[in-house]
file final03.pdb (PDB, C-alpha atoms)
ATOM      1  CA  MET A 217      -4.931  10.185  26.317  1.00  0.00           C
ATOM      2  CA  ARG A 218      -1.294  10.261  25.191  1.00  0.00           C
ATOM      3  CA  ARG A 219      -0.856   6.602  26.173  1.00  0.00           C
ATOM      4  CA  LEU A 220      -3.930   5.669  24.125  1.00  0.00           C
ATOM      5  CA  GLU A 221      -2.590   7.579  21.114  1.00  0.00           C
ATOM      6  CA  LEU A 222       0.789   5.859  21.335  1.00  0.00           C
ATOM      7  CA  ASN A 223      -0.800   2.444  21.764  1.00  0.00           C
ATOM      8  CA  SER A 224      -2.970   3.056  18.693  1.00  0.00           C
ATOM      9  CA  ILE A 225       0.051   4.098  16.629  1.00  0.00           C
ATOM     10  CA  TYR A 226       1.831   0.944  17.754  1.00  0.00           C
ATOM     11  CA  GLU A 227      -1.138  -1.283  16.834  1.00  0.00           C
ATOM     12  CA  ILE A 228      -1.541   0.379  13.441  1.00  0.00           C
ATOM     13  CA  SER A 229       2.166   0.007  12.628  1.00  0.00           C
ATOM     14  CA  ARG A 230       2.110  -3.638  13.783  1.00  0.00           C
ATOM     15  CA  LEU A 231      -0.863  -4.316  11.506  1.00  0.00           C
ATOM     16  CA  LEU A 232       0.835  -2.551   8.580  1.00  0.00           C
ATOM     17  CA  ILE A 233       3.836  -4.847   8.946  1.00  0.00           C
ATOM     18  CA  SER A 234       1.791  -8.022   9.260  1.00  0.00           C
ATOM     19  CA  THR A 235      -0.835  -7.541   6.555  1.00  0.00           C
ATOM     20  CA  VAL A 236      -1.392  -5.981   3.184  1.00  0.00           C
ATOM     21  CA  GLU A 237      -5.155  -5.729   3.637  1.00  0.00           C
ATOM     22  CA  LEU A 238      -5.822  -2.002   3.420  1.00  0.00           C
ATOM     23  CA  ASP A 239      -9.402  -2.356   4.705  1.00  0.00           C
ATOM     24  CA  LYS A 240      -8.199  -3.816   8.022  1.00  0.00           C
ATOM     25  CA  VAL A 241      -5.641  -1.054   8.499  1.00  0.00           C
ATOM     26  CA  LEU A 242      -8.184   1.664   7.729  1.00  0.00           C
ATOM     27  CA  GLU A 243     -10.732   0.077  10.058  1.00  0.00           C
ATOM     28  CA  LEU A 244      -8.196   0.059  12.894  1.00  0.00           C
ATOM     29  CA  ILE A 245      -7.360   3.728  12.247  1.00  0.00           C
ATOM     30  CA  ILE A 246     -11.033   4.711  12.276  1.00  0.00           C
ATOM     31  CA  ASN A 247     -11.779   2.699  15.415  1.00  0.00           C
ATOM     32  CA  SER A 248      -8.765   4.248  17.147  1.00  0.00           C
ATOM     33  CA  LEU A 249      -9.916   7.770  16.298  1.00  0.00           C
ATOM     34  CA  ILE A 250     -13.391   7.071  17.671  1.00  0.00           C
ATOM     35  CA  ILE A 251     -12.021   5.641  20.923  1.00  0.00           C
ATOM     36  CA  ILE A 252      -9.267   8.209  21.528  1.00  0.00           C
ATOM     37  CA  TYR A 253     -11.180  11.343  20.641  1.00  0.00           C
ATOM     38  CA  LYS A 254     -14.668  10.126  21.651  1.00  0.00           C
ATOM     39  CA  ILE A 255     -16.147  11.156  18.325  1.00  0.00           C
ATOM     40  CA  GLU A 256     -19.370   9.884  16.804  1.00  0.00           C
ATOM     41  CA  LEU A 257     -18.276   9.690  13.173  1.00  0.00           C
ATOM     42  CA  SER A 258     -14.950   8.993  11.536  1.00  0.00           C
ATOM     43  CA  PHE A 259     -14.127   8.514   7.886  1.00  0.00           C
ATOM     44  CA  ILE A 260     -11.181   8.274   5.521  1.00  0.00           C
ATOM     45  CA  GLY A 261     -11.140   9.607   2.005  1.00  0.00           C
ATOM     46  CA  LEU A 262      -8.632   9.113  -0.768  1.00  0.00           C
ATOM     47  CA  ARG A 263      -7.783  11.769  -3.281  1.00  0.00           C
ATOM     48  CA  GLU A 264      -8.550  10.808  -6.862  1.00  0.00           C
ATOM     49  CA  GLY A 265      -7.363  13.658  -9.055  1.00  0.00           C
ATOM     50  CA  ASP A 266      -9.377  16.724  -8.093  1.00  0.00           C
ATOM     51  CA  LYS A 267     -11.890  14.729  -6.035  1.00  0.00           C
ATOM     52  CA  ILE A 268     -11.991  12.956  -2.698  1.00  0.00           C
ATOM     53  CA  LYS A 269     -13.763   9.612  -2.371  1.00  0.00           C
ATOM     54  CA  ILE A 270     -14.778   8.248   1.032  1.00  0.00           C
ATOM     55  CA  ILE A 271     -13.475   4.691   1.240  1.00  0.00           C
ATOM     56  CA  GLN A 272     -14.075   3.831   4.906  1.00  0.00           C
ATOM     57  CA  ALA A 273     -16.442   5.251   7.535  1.00  0.00           C
ATOM     58  CA  LYS A 274     -17.826   4.323  10.929  1.00  0.00           C
ATOM     59  CA  GLY A 275     -20.421   5.883  13.167  1.00  0.00           C
ATOM     60  CA  GLU A 276     -23.960   7.088  12.749  1.00  0.00           C
ATOM     61  CA  TYR A 277     -24.665   7.319   9.010  1.00  0.00           C
ATOM     62  CA  GLY A 278     -21.057   6.333   8.276  1.00  0.00           C
ATOM     63  CA  GLN A 279     -22.047   3.737   5.715  1.00  0.00           C
ATOM     64  CA  LEU A 280     -24.007   6.387   3.826  1.00  0.00           C
ATOM     65  CA  LEU A 281     -20.738   8.251   3.266  1.00  0.00           C
ATOM     66  CA  VAL A 282     -18.802   5.314   1.821  1.00  0.00           C
ATOM     67  CA  GLY A 283     -18.445   5.776  -1.909  1.00  0.00           C
ATOM     68  CA  LYS A 284     -19.425   9.462  -1.869  1.00  0.00           C
ATOM     69  CA  VAL A 285     -17.229  11.753  -3.976  1.00  0.00           C
ATOM     70  CA  TRP A 286     -16.817  15.504  -3.968  1.00  0.00           C
ATOM     71  CA  SER A 287     -14.649  17.983  -5.799  1.00  0.00           C
ATOM     72  CA  ILE A 288     -11.827  19.700  -3.936  1.00  0.00           C
ATOM     73  CA  VAL A 289     -10.979  22.164  -6.697  1.00  0.00           C
ATOM     74  CA  ASN A 290     -12.578  25.622  -6.477  1.00  0.00           C
ATOM     75  CA  SER A 291     -15.260  24.286  -4.141  1.00  0.00           C
ATOM     76  CA  GLY A 292     -14.351  26.466  -1.190  1.00  0.00           C
ATOM     77  CA  PHE A 293     -14.937  23.354   0.911  1.00  0.00           C
ATOM     78  CA  LYS A 294     -12.343  22.355   3.468  1.00  0.00           C
ATOM     79  CA  LEU A 295     -12.163  19.083   5.347  1.00  0.00           C
ATOM     80  CA  THR A 296     -12.026  20.997   8.631  1.00  0.00           C
ATOM     81  CA  HIS A 297     -15.706  21.862   8.083  1.00  0.00           C
ATOM     82  CA  PHE A 298     -16.533  18.310   9.162  1.00  0.00           C
ATOM     83  CA  GLN A 299     -15.336  19.121  12.669  1.00  0.00           C
ATOM     84  CA  ARG A 300     -18.426  21.272  13.181  1.00  0.00           C
ATOM     85  CA  LEU A 301     -20.774  19.518  10.801  1.00  0.00           C
ATOM     86  CA  LYS A 302     -23.675  17.320  11.842  1.00  0.00           C
ATOM     87  CA  ILE A 303     -24.183  14.671   9.176  1.00  0.00           C
ATOM     88  CA  ASP A 304     -27.747  14.377   7.960  1.00  0.00           C
ATOM     89  CA  PRO A 305     -28.519  11.033   6.260  1.00  0.00           C
ATOM     90  CA  LEU A 306     -29.965  12.924   3.302  1.00  0.00           C
ATOM     91  CA  TRP A 307     -27.060  15.348   3.059  1.00  0.00           C
ATOM     92  CA  PRO A 308     -25.624  15.145  -0.478  1.00  0.00           C
ATOM     93  CA  LEU A 309     -21.872  15.210  -0.794  1.00  0.00           C
TER
END
call {"tool": "encode", "arguments": {"input": "final03.pdb", "output": "structure tokens"}}
result
Amino acid sequence: MRRLELNSIYEISRLLISTVELDKVLELIINSLIIIYKIELSFIGLREGDKIKIIQAKGEYGQLLVGKVWSIVNSGFKLTHFQRLKIDPLWPL
């Protein structure tokens, strides 16, 4: 697994140097996470003030997450909750 992680880091850094297209870089990161850790869903969110907005997702129901926003201030919600969470397509973020 360590070799896969290092290869992914190399590919991501190579892509960062060769392109300015953020979507391609994020897609490579998400694909790498799915392959390395054998997970079913991966997503990336960007902080916008006191909220997080999902900007890229892949996996079952991943596209339903893209564009979702939730508050990170006084919500008691931590991103680590997603490690144990099964995403329901009707689940409101």
call {"tool": "atom_distance", "arguments": {"input": "final03.pdb", "atom1": "CA of Leu242 in chain A", "atom2": "CA of Ile260 in chain A"}}
result
7.6 Å
call {"tool": "closest_residue", "arguments": {"input": "final03.pdb", "among": "A:Ser287, A:Gln279, A:Ser229, A:Asn247", "to": "Leu262 in chain A", "atoms": "only C-alpha atoms"}}
result
A:Ser287
call {"tool": "atom_distance", "arguments": {"input": "final03.pdb", "atom1": "CA of Ile268 in chain A", "atom2": "CA of Glu237 in chain A"}}
result
20.9 Å
call {"tool": "residues_around", "arguments": {"input": "final03.pdb", "residues": "Leu231 in chain A", "least_positions_apart": "3", "cutoff": "12 Å", "atoms": "all atoms listed in the file", "output": "number ranges by chain"}}
result
A: 224-228, 234-245
call {"tool": "atom_distance", "arguments": {"input": "final03.pdb", "atom1": "CA of Gln272 in chain A", "atom2": "CA of Ile250 in chain A"}}
result
13.2 Å
call {"tool": "resolve_selection", "arguments": {"input": "final03.pdb", "expression": "the PyMOL selection byres ((chain A and resi 257) around 9)", "output": "list in words"}}
result
Ile246, Ile250, Ile255, Glu256, Ser258, Phe259, Ala273, Lys274, Gly275, Glu276, Tyr277, Gly278 and Ile303 of chain A
call {"tool": "residues_around", "arguments": {"input": "final03.pdb", "residues": "range 218-220 of chain A", "least_positions_apart": "5", "cutoff": "9 Å", "atoms": "all atoms listed in the file", "output": "count of residues only"}}
result
4
